[in-house]
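Q: My questions all concern the structure below.
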Amino acid sequence: MPTVTSPRARFHDPRLDPLWDKVRGGERLTREDGLLLFDTDDLHGLGRMADHVKRARHGDQVFFVLNRYVNPTNVCVLSCSFCDFARKPGETGAFENSIEDVLEMIKPGTREAHIVGGHHPDWPFEYFERMIAAIHAARPETQIKAFTAAEVDYWWRRWKIEPRESLTRLKAAGLQSMPGGGAEIFSKRLAKLLHYTGKADADRWLEIHGIAHELGIHTNATMLYGHVETLEERVDHLLRLREQQDRSGGFLTFIPLSYQVGTTKLVPRQTPPTDDLRTIAASRLLLDNFPHVEAYWVMIGEETASLALHFGASDVNGTLEDEKIAHMALAESPAGLAREQILRMIRDAGKIAVERDALYNVVKVWT
Amino acid sequence: MDLSRLDEIRAKAEAGKRLDRADGRWLLTEAPLVEVGALAQEARFRAIPARQVTFVIDSNPNYTNVCITDCQFCAFYRKPGDPEAWTLTVEQVLEKIEFAASKGATTVLLQGGHNPELPLEYYLTIVRESRRRFPSVTPHFFTASEIQTMAEVSGLAMPEVLARLREAGQDTLPGGGAEVLSERVRKRIEPKKGGPRAWLDVHREAHRQGFRSTATMMYGHVEEPDDIVDHWDAIRELQDEHGGFTAFVPWSFKPGNTLLEKWIKTYKGPSTYLRMLAASRLYLDNFAHIQASWFSEGKRAGQVALHWGADDFGGTLFEENVHAAADYVNKTTVDEIITLIRDAGFTPVQRTTEYEILREY
């Protein structure tokens with residue numbers, strides 16, 4: 001671990017002084033501390049503390065992966081109020097990809113395939129199992145990161161296949177890790193308000209990740225913010241993730257997802273970049289047991305993602321070819337970036353770009 | 001990393017002591033970005049205590065793209081006789097100003113290439129008629145190198161040209177064309193332009209005659225940190241003489257469609273921009289205003305920049321052709337500017353060309 005010298009800090013908001021002592025002392029922050037992180041107007045103070053933690057873990061390194069985004073289908077039985085991606089069966093814009101289609105999308109040499117989709121009412125679990133096996137056979141060099149806990153839960157709801165069984169079988173078929181989607185915000189109030197009661201709730205989402213971790217499947221975690229949630233709900237979401245990580249320890253990275261207004265328009269416009277930076281910094285500080293916090297450029301834009309590397313983020317996800325969920329919600333970022341652009345995003349922030357695989361093994365340090 | 005320097009710089013800034021070149025270089029190269037921002041915000045609130053951010057309703061039309069100077073960073077100009085070369089008549093220019101006035105603009109920033117065919121009377125008529133027909137618009141016309149061109153074409157001395165523009169009704173000059181005020185940089189990217197001396201001479205004379213002007217910088221090409229510090233020193237010294245600069249406005253070089261594109265493929269990103277703004281706020285201790293832009297680096301980077309020492313958000317730019325020629329296009333409305341400033345945590349305030357407050361939102 002690199003030695004870290006931190007500047008003699010002066011906080012514009014003196015309430016951060018005791019937190020800084022805790023952060024430097026490696027002491028865990030409380031819920032109250034978390035609320036303060038979201039309440040303070042001292043953006044630089046947040047950046048200073050989060051950067052300290054990030055540097056202690058990763059120095060100047062920032063990670064990325066060459067990945068391909070694959071959505072087998074956007075057909076979904078749910079009607080979550082924040083989603084521009086889902087379509088009902090037969091609706092205009094609905095798509096259903098065959099296994100051959102999916103294989104076509106994953107070019108030889110792809111390091112990571114990120115595979116998520118809607119809750120398709122007619123596709124049996126075995127279809128997904130065959131899909132993973134086929135990808136693994138055709139592209140042994142590609143690591144498969146597939147299916148959110150919400151999808152795993154849906155196989156139980158629809159086909160009564162227990163998560164432990166589905167995950168065991170998928171792992172045997174070639175699944176390497178799981179993405180962190182479907183968490184949304186852990187809040188009963190919001191689940192009701194935004195019509196996502198029909199999918200895995202907080203307890204179930206965390207339970208499924210715990211099972212995955214037990215089975216040796218690493219996973220990610222997310223939080224959808226910047227819509228109608230309260231700051232308390234953000235903090236509570238982060239703390240539940242931290243508790244789960246204490247229990248099962250298999251989370252690799254946390255990815256805050258900035259809500260895309262698109263056509264669902266829960267709020268008039270996207271939350272400002274200062275809120276993205278704050279959320280990333282607060283996440284880095286609260287999630288003291290997560291290896292990485294990510295700046296997801298697809299949703300916050302390349303500029304803010306690059307700046308977030310000074311606010312605790314140590315990962316920018318990847319090239320994400322053909323991303324659809326954010327782009328169907330009218331995200332302004334390009335759908336996929338070349339490696340050169342990813343390198344530029346990292347280097348402009350003065351950081352060292354490290355190409356990784358899905359499990360954070362180092363592929364190449366780009367000097 | 002030697003971070004005791006941070007405390008030294010803070011102590012100097014708080015005591016009103018001037019930063020030296022070594023401080024400037026350190027802020028540009030080594031200081032942690034978050035810390036530069038924190039120091040710059042302290043300085044910004046000492047200079048402008050109100051939690052407000054100003055903007056101007058303006059337009060940036062051009063009267064000609066004909067230019068004989070061949071700057072390597074420019075995608076806008078065409079040589080005389082080029083099939084894509086164009087020059088507007090006085091009436092056509094006035095139509096552009098009329099359009100801006102009809103949209104509520106209080107400033108028109110008019111600039112163009114160095115076109116040797118245009119007589120001094122052309123420029124003077126535009127100023128006179130603009131003032132007469134559109135009194136609500138401040139004519140913020142002609143950068144230093146265009147003033148030089150007018151002097152060459154007319155055979156008059158540069159101070160005389162400025163005096164005639166002033167007589168015609170002009171009170172302010174835009175600060176464009178400074179690029180990086182360093183001889184080394186000039187030789188490399190704009191050998192045919194007057195360079196640092198000429199730019200500074202025009203602004204010095206303008207300030208002496210009572211004009212106000214802005215100082216700009218286009219960074220992110222061949223300059224080194226020392227060149228930036230040279231630039232700061234030059235404008236800081238000039239500001240000590242007459243106090244005529246209203247604001248400092250940096251932006252990044254956009255390589256699209258320029259001769260330099262062969263060597264420089266992309267523009268510097270947001271971290272460099274924030275650092276430039278914040279370090280400038282600290283170094284340029286005699287400048288009241290540092291302008292960030294929603295335009296030149298993207299709206300979201302522009303919002304963050306308001307936390308890195310800037311207190312002004314630039315203008316609405318109803319028309320803009322120079323960045324557009326480099327394939328860089330960004331558009332907004334007054335309503336959007338107000339929203340962007342508010343979302344970044346500040347009160348939006350409409351200002352004039354000379355930074356007088358018109359309206360708080």
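Each chain of the structure tokens is named A, B, ... in the order shown, its residues numbered from 1; ligands are numbered from 1 in display order.
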Select residues of chain A: the criterion is any atom within 7 Å of an atom of chain B, counting only C-alpha atoms; output as a list of chain:residue names.
A: A:Pro7, A:His44, A:Gly47, A:Arg48, A:Pro272, A:Pro273, A:Thr274, A:Glu303, A:Thr304, A:Leu307, A:His310, A:Asp348, A:Ala349
Q: With C-alpha atoms retained, could you export that selection as a PDB file, in the first residue's frame?
A:
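In the end it all went to out-v4.pdb:
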```
ATOM      1  CA  PRO A   7      -2.632  18.001   3.440  1.00  0.00           C
ATOM      2  CA  HIS A  44     -13.913  20.045  -1.350  1.00  0.00           C
ATOM      3  CA  GLY A  47     -13.362  15.206  -1.984  1.00  0.00           C
ATOM      4  CA  ARG A  48     -10.387  15.514   0.353  1.00  0.00           C
ATOM      5  CA  PRO A 272     -26.342  18.113 -11.000  1.00  0.00           C
ATOM      6  CA  PRO A 273     -22.729  16.946 -11.253  1.00  0.00           C
ATOM      7  CA  THR A 274     -21.976  18.266  -7.783  1.00  0.00           C
ATOM      8  CA  GLU A 303     -16.492  14.964 -17.751  1.00  0.00           C
ATOM      9  CA  THR A 304     -18.030  14.268 -14.362  1.00  0.00           C
ATOM     10  CA  LEU A 307     -13.624  14.578 -12.088  1.00  0.00           C
ATOM     11  CA  HIS A 310     -10.642  13.056  -7.415  1.00  0.00           C
ATOM     12  CA  ASP A 348      -6.753  13.886 -17.795  1.00  0.00           C
ATOM     13  CA  ALA A 349      -7.375  13.454 -14.085  1.00  0.00           C
TER      14      ALA A 349
END
```
Q: List every residue of segment 162-227 of chain B that DSSP, applied to the backbone of this structure, places in helix (DSSP H, G or I), and write the result as a compact mmCIF listing (two decimals) with C-alpha atoms, in the first residue's frame.
A:
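Below you can see states.txt, which holds the result:
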```
# COMPACT_ATOMS: atom_id res chain seq x y z
CA LEU B 162 -8.68 53.03 -30.56
CA ALA B 163 -9.53 56.70 -30.10
CA ARG B 164 -11.70 56.67 -33.21
CA LEU B 165 -13.50 53.50 -32.11
CA ARG B 166 -14.12 55.13 -28.77
CA GLU B 167 -15.42 58.26 -30.46
CA ALA B 168 -17.73 56.05 -32.53
CA GLU B 183 7.03 34.28 -27.24
CA ARG B 184 7.88 30.59 -27.37
CA VAL B 185 4.26 29.67 -27.94
CA ARG B 186 3.75 32.44 -30.51
CA LYS B 187 6.66 31.23 -32.63
CA ARG B 188 5.25 27.76 -32.64
CA ILE B 189 1.55 28.29 -33.37
CA GLY B 195 2.21 37.98 -30.23
CA PRO B 196 2.28 38.84 -26.55
CA ARG B 197 3.75 42.32 -26.94
CA ALA B 198 1.17 43.47 -29.48
CA TRP B 199 -1.78 42.08 -27.51
CA LEU B 200 -0.57 43.71 -24.31
CA ASP B 201 0.17 47.03 -26.07
CA VAL B 202 -3.37 47.27 -27.42
CA HIS B 203 -4.97 46.46 -24.06
CA ARG B 204 -2.63 48.83 -22.21
CA GLU B 205 -3.47 51.66 -24.58
CA ALA B 206 -7.18 50.80 -24.45
CA HIS B 207 -7.18 50.87 -20.65
CA ARG B 208 -5.30 54.19 -20.73
CA PRO B 225 3.48 25.51 -17.19
CA ASP B 226 6.07 28.29 -17.39
CA ASP B 227 4.28 29.77 -20.39
```
Q: Nearest to Asp101 of chain A: which of A:Ala200, A:Val228, A:Ala134, A:Val65 is it, counting only C-alpha atoms?
A: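 Once distances to Asp101 of chain A are computed over only C-alpha atoms, the minimum belongs to A:Ala134.
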Q: Which of these, A:His119, A:His209, A:Arg15, A:Lys22, has the shortest distance to Gly45 of chain A once you count only C-alpha atoms?
A: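 Among the listed residues, A:Arg15 lies closest to Gly45 of chain A.
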Q: I'd like the contact shell of segment 109-120 of chain B - 7 Å cut-off, only C-alpha atoms, skipping same-chain residues fewer than 4 positions apart - returned as a PyMOL selection string.
A: chain B and resi 59-69+77+124+139-143+146+149-150+153-154+174
Q: Give me, as a compact mmCIF listing (two decimals) with N, CA and C atoms, in the first residue's frame, all polymer residues having an atom no more than 8 Å from Gln260 of chain A, counting only C-alpha atoms and skipping those fewer than 5 positions away in the same chain.
A:
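part37.txt written:
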```txt
# COMPACT_ATOMS: atom_id res chain seq x y z
N GLN A 270 -31.90 15.87 -14.67
CA GLN A 270 -30.92 15.02 -13.98
C GLN A 270 -30.28 15.79 -12.83
N MET A 299 -23.85 7.26 -17.20
CA MET A 299 -24.93 8.04 -16.61
C MET A 299 -24.52 9.43 -16.16
N ALA A 326 -29.42 3.01 -20.11
CA ALA A 326 -29.33 4.46 -19.93
C ALA A 326 -29.66 5.18 -21.24
N ALA A 329 -33.11 5.72 -22.03
CA ALA A 329 -33.59 6.82 -21.18
C ALA A 329 -32.89 8.12 -21.58
N LEU A 330 -32.46 8.18 -22.83
CA LEU A 330 -31.95 9.40 -23.44
C LEU A 330 -30.66 9.94 -22.79
N ALA A 331 -29.82 9.07 -22.25
CA ALA A 331 -28.53 9.52 -21.73
C ALA A 331 -27.76 10.20 -22.86
```
Q: Report the residues of segment 243-348 of chain B whose backbone DSSP state falls under strand (DSSP E), written as a PyMOL selection string.
A: chain B and resi 245-252+289-290+312-315+347-348
Q: Near Thr271 of chain A, within 8 Å and counting only C-alpha atoms, which residues show up once chain neighbours fewer than 3 positions away are dropped, as a PyMOL selection string?
A: (chain A and resi 226-227+258-259+275-276) or (chain B and resi 343)
Q: Find the spatial neighbours of segment 139-150 of chain A, counting only C-alpha atoms, within a cut-off of 9 Å - ignore same-chain residues fewer than 5 positions away - and output them as a ChimeraX atom specification.
A: /A:103,106-117,119,132,134,155,163,174-183,199-201,204-209,219,357-359
Q: Could those residues be written to a file, using N, CA and C atoms, as a CSV table (one decimal), in the first residue's frame?
A:
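The file below, again_35.csv, is the result:
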```csv
chain,number,residue,atom,x,y,z
A,103,LEU,N,-24.5,-14.4,-29.1
A,103,LEU,CA,-23.1,-14.8,-29.5
A,103,LEU,C,-22.6,-13.8,-30.5
A,106,ILE,N,-21.1,-10.7,-28.9
A,106,ILE,CA,-19.9,-10.8,-28.2
A,106,ILE,C,-18.7,-11.1,-29.1
A,107,LYS,N,-18.0,-10.1,-29.5
A,107,LYS,CA,-16.9,-10.3,-30.4
A,107,LYS,C,-15.8,-11.2,-29.8
A,108,PRO,N,-15.1,-12.0,-30.6
A,108,PRO,CA,-13.9,-12.7,-30.0
A,108,PRO,C,-13.0,-11.7,-29.3
A,109,GLY,N,-12.4,-12.1,-28.2
A,109,GLY,CA,-11.5,-11.2,-27.5
A,109,GLY,C,-12.1,-10.3,-26.5
A,110,THR,N,-13.4,-10.3,-26.4
A,110,THR,CA,-14.1,-9.4,-25.4
A,110,THR,C,-13.7,-9.9,-24.0
A,111,ARG,N,-13.3,-9.0,-23.2
A,111,ARG,CA,-12.8,-9.4,-21.9
A,111,ARG,C,-14.0,-9.8,-20.9
A,112,GLU,N,-15.0,-8.9,-21.0
A,112,GLU,CA,-16.1,-9.1,-20.1
A,112,GLU,C,-17.4,-8.9,-20.8
A,113,ALA,N,-18.4,-9.8,-20.7
A,113,ALA,CA,-19.7,-9.6,-21.2
A,113,ALA,C,-20.6,-9.3,-20.0
A,114,HIS,N,-21.3,-8.1,-20.1
A,114,HIS,CA,-22.2,-7.7,-19.0
A,114,HIS,C,-23.6,-8.0,-19.6
A,115,ILE,N,-24.3,-8.9,-18.9
A,115,ILE,CA,-25.6,-9.4,-19.5
A,115,ILE,C,-26.7,-9.2,-18.5
A,116,VAL,N,-27.6,-8.3,-18.8
A,116,VAL,CA,-28.8,-8.1,-18.0
A,116,VAL,C,-30.0,-7.9,-18.9
A,117,GLY,N,-31.2,-8.2,-18.4
A,117,GLY,CA,-32.4,-8.0,-19.2
A,117,GLY,C,-33.6,-7.9,-18.4
A,119,HIS,N,-37.6,-9.0,-17.1
A,119,HIS,CA,-38.2,-10.2,-16.5
A,119,HIS,C,-39.2,-10.8,-17.6
A,132,ILE,N,-25.6,-19.0,-21.2
A,132,ILE,CA,-24.3,-18.9,-20.6
A,132,ILE,C,-23.4,-20.0,-21.0
A,134,ALA,N,-23.4,-21.6,-23.8
A,134,ALA,CA,-23.1,-21.4,-25.2
A,134,ALA,C,-22.0,-20.3,-25.3
A,155,TRP,N,-36.8,-15.8,-11.4
A,155,TRP,CA,-36.8,-17.2,-11.8
A,155,TRP,C,-37.5,-18.0,-10.6
A,163,PRO,N,-32.8,-19.5,-5.7
A,163,PRO,CA,-31.5,-18.8,-6.1
A,163,PRO,C,-30.3,-19.6,-6.0
A,174,GLY,N,-20.7,-21.5,-16.6
A,174,GLY,CA,-19.7,-20.5,-17.0
A,174,GLY,C,-19.8,-19.1,-16.4
A,175,LEU,N,-20.8,-18.9,-15.6
A,175,LEU,CA,-21.0,-17.6,-15.0
A,175,LEU,C,-19.8,-17.2,-14.1
A,176,GLN,N,-19.3,-16.1,-14.2
A,176,GLN,CA,-18.1,-15.7,-13.4
A,176,GLN,C,-18.5,-14.7,-12.3
A,177,SER,N,-19.4,-13.8,-12.6
A,177,SER,CA,-19.7,-12.8,-11.6
A,177,SER,C,-21.1,-12.2,-11.9
A,178,MET,N,-21.6,-11.4,-10.9
A,178,MET,CA,-22.9,-10.9,-11.1
A,178,MET,C,-22.9,-9.3,-11.1
A,179,PRO,N,-23.7,-8.7,-11.9
A,179,PRO,CA,-23.7,-7.2,-11.8
A,179,PRO,C,-24.6,-6.8,-10.6
A,180,GLY,N,-24.5,-5.5,-10.4
A,180,GLY,CA,-25.2,-5.0,-9.1
A,180,GLY,C,-26.5,-4.4,-9.3
A,181,GLY,N,-27.1,-4.5,-10.5
A,181,GLY,CA,-28.4,-3.8,-10.8
A,181,GLY,C,-29.5,-4.4,-10.0
A,182,GLY,N,-30.7,-3.7,-10.2
A,182,GLY,CA,-31.9,-4.1,-9.6
A,182,GLY,C,-32.1,-3.8,-8.1
A,183,ALA,N,-31.1,-3.2,-7.5
A,183,ALA,CA,-31.2,-2.8,-6.1
A,183,ALA,C,-32.1,-1.5,-6.0
A,199,LYS,N,-40.6,-6.7,-7.6
A,199,LYS,CA,-39.3,-7.3,-7.8
A,199,LYS,C,-38.6,-7.4,-6.4
A,200,ALA,N,-37.5,-8.1,-6.5
A,200,ALA,CA,-36.8,-8.4,-5.2
A,200,ALA,C,-36.7,-7.2,-4.3
A,201,ASP,N,-37.1,-7.3,-3.1
A,201,ASP,CA,-36.9,-6.1,-2.2
A,201,ASP,C,-35.6,-6.2,-1.6
A,204,ARG,N,-34.4,-9.5,0.0
A,204,ARG,CA,-34.2,-10.5,-1.0
A,204,ARG,C,-33.0,-10.2,-1.8
A,205,TRP,N,-32.8,-9.0,-2.2
A,205,TRP,CA,-31.7,-8.6,-3.1
A,205,TRP,C,-30.4,-9.0,-2.3
A,206,LEU,N,-30.4,-8.6,-1.1
A,206,LEU,CA,-29.1,-8.8,-0.3
A,206,LEU,C,-28.9,-10.3,0.0
A,207,GLU,N,-30.1,-11.0,0.2
A,207,GLU,CA,-30.0,-12.4,0.4
A,207,GLU,C,-29.3,-13.1,-0.8
A,208,ILE,N,-29.8,-12.8,-1.9
A,208,ILE,CA,-29.3,-13.4,-3.2
A,208,ILE,C,-27.8,-13.1,-3.4
A,209,HIS,N,-27.4,-11.9,-3.1
A,209,HIS,CA,-26.0,-11.6,-3.2
A,209,HIS,C,-25.2,-12.4,-2.2
A,219,THR,N,-19.8,-10.2,-6.8
A,219,THR,CA,-20.9,-9.4,-7.3
A,219,THR,C,-20.6,-7.9,-7.2
A,357,ASP,N,-9.7,-7.3,-15.6
A,357,ASP,CA,-10.8,-8.2,-16.1
A,357,ASP,C,-12.0,-8.0,-15.1
A,358,ALA,N,-13.0,-8.9,-15.3
A,358,ALA,CA,-14.2,-8.7,-14.6
A,358,ALA,C,-14.0,-8.9,-13.1
A,359,LEU,N,-12.9,-9.6,-12.7
A,359,LEU,CA,-12.7,-9.9,-11.3
A,359,LEU,C,-11.6,-9.0,-10.7
```
Q: Quick one: of A:Val77, A:Ile346, A:Leu238, A:Leu16, who's nearest to Asp122 of chain A, counting only C-alpha atoms?
A: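 Under the stated criterion, the closest residue is A:Val77.
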Q: Mind checking which residues fall within 12 Å of Pro255 of chain B, counting only C-alpha atoms, ignoring those fewer than 2 positions away in the same chain, and posting them as a PyMOL selection string?
A: chain B and resi 72-76+218-222+252-253+257-268+322-328
Q: Now that the selection is made, can you save its residues with C-alpha atoms as a PDB file, in the first residue's frame?
A:
```pdb
ATOM      1  CA  GLN B  72      -2.288  26.779 -36.611  1.00  0.00           C
ATOM      2  CA  PHE B  73      -4.930  26.459 -33.911  1.00  0.00           C
ATOM      3  CA  CYS B  74      -7.713  28.069 -35.940  1.00  0.00           C
ATOM      4  CA  ALA B  75     -10.410  26.151 -37.825  1.00  0.00           C
ATOM      5  CA  PHE B  76     -12.465  29.249 -38.591  1.00  0.00           C
ATOM      6  CA  MET B 218      -6.447  29.413 -24.800  1.00  0.00           C
ATOM      7  CA  TYR B 219      -4.425  26.577 -23.272  1.00  0.00           C
ATOM      8  CA  GLY B 220      -3.926  22.919 -24.058  1.00  0.00           C
ATOM      9  CA  HIS B 221      -1.663  22.973 -27.120  1.00  0.00           C
ATOM     10  CA  VAL B 222       2.109  23.472 -27.027  1.00  0.00           C
ATOM     11  CA  SER B 252      -9.143  24.798 -23.828  1.00  0.00           C
ATOM     12  CA  PHE B 253      -7.884  24.600 -27.400  1.00  0.00           C
ATOM     13  CA  ASN B 257     -10.077  20.851 -38.332  1.00  0.00           C
ATOM     14  CA  THR B 258      -6.948  22.829 -37.382  1.00  0.00           C
ATOM     15  CA  LEU B 259      -3.355  22.456 -38.564  1.00  0.00           C
ATOM     16  CA  LEU B 260      -2.347  21.493 -35.034  1.00  0.00           C
ATOM     17  CA  GLU B 261      -4.753  18.563 -35.066  1.00  0.00           C
ATOM     18  CA  LYS B 262      -2.038  16.486 -36.668  1.00  0.00           C
ATOM     19  CA  TRP B 263      -0.107  16.549 -33.384  1.00  0.00           C
ATOM     20  CA  ILE B 264      -2.795  17.270 -30.831  1.00  0.00           C
ATOM     21  CA  LYS B 265      -5.814  15.028 -31.190  1.00  0.00           C
ATOM     22  CA  THR B 266      -8.009  15.932 -28.256  1.00  0.00           C
ATOM     23  CA  TYR B 267      -8.681  18.826 -25.966  1.00  0.00           C
ATOM     24  CA  LYS B 268      -7.657  18.903 -22.342  1.00  0.00           C
ATOM     25  CA  VAL B 322     -15.334  29.726 -34.093  1.00  0.00           C
ATOM     26  CA  HIS B 323     -15.626  26.638 -31.880  1.00  0.00           C
ATOM     27  CA  ALA B 324     -18.284  25.342 -34.291  1.00  0.00           C
ATOM     28  CA  ALA B 325     -15.702  25.398 -37.086  1.00  0.00           C
ATOM     29  CA  ALA B 326     -13.682  22.956 -34.950  1.00  0.00           C
ATOM     30  CA  ASP B 327     -16.779  20.719 -34.757  1.00  0.00           C
ATOM     31  CA  TYR B 328     -17.431  21.755 -31.179  1.00  0.00           C
TER      32      TYR B 328
END
```
Q: Which one of B:Thr352, B:Trp294, B:Ala288, B:Phe245 sits closest to Ile48 of chain B if you count only C-alpha atoms?
A: B:Ala288
Q: What does the structure give for the distance between atom CA of His58 of chain A and atom CA of Leu252 of chain A, in Å to one decimal?
A: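 Spanning atom CA of His58 of chain A to atom CA of Leu252 of chain A is a straight-line distance of 13.6 Å.
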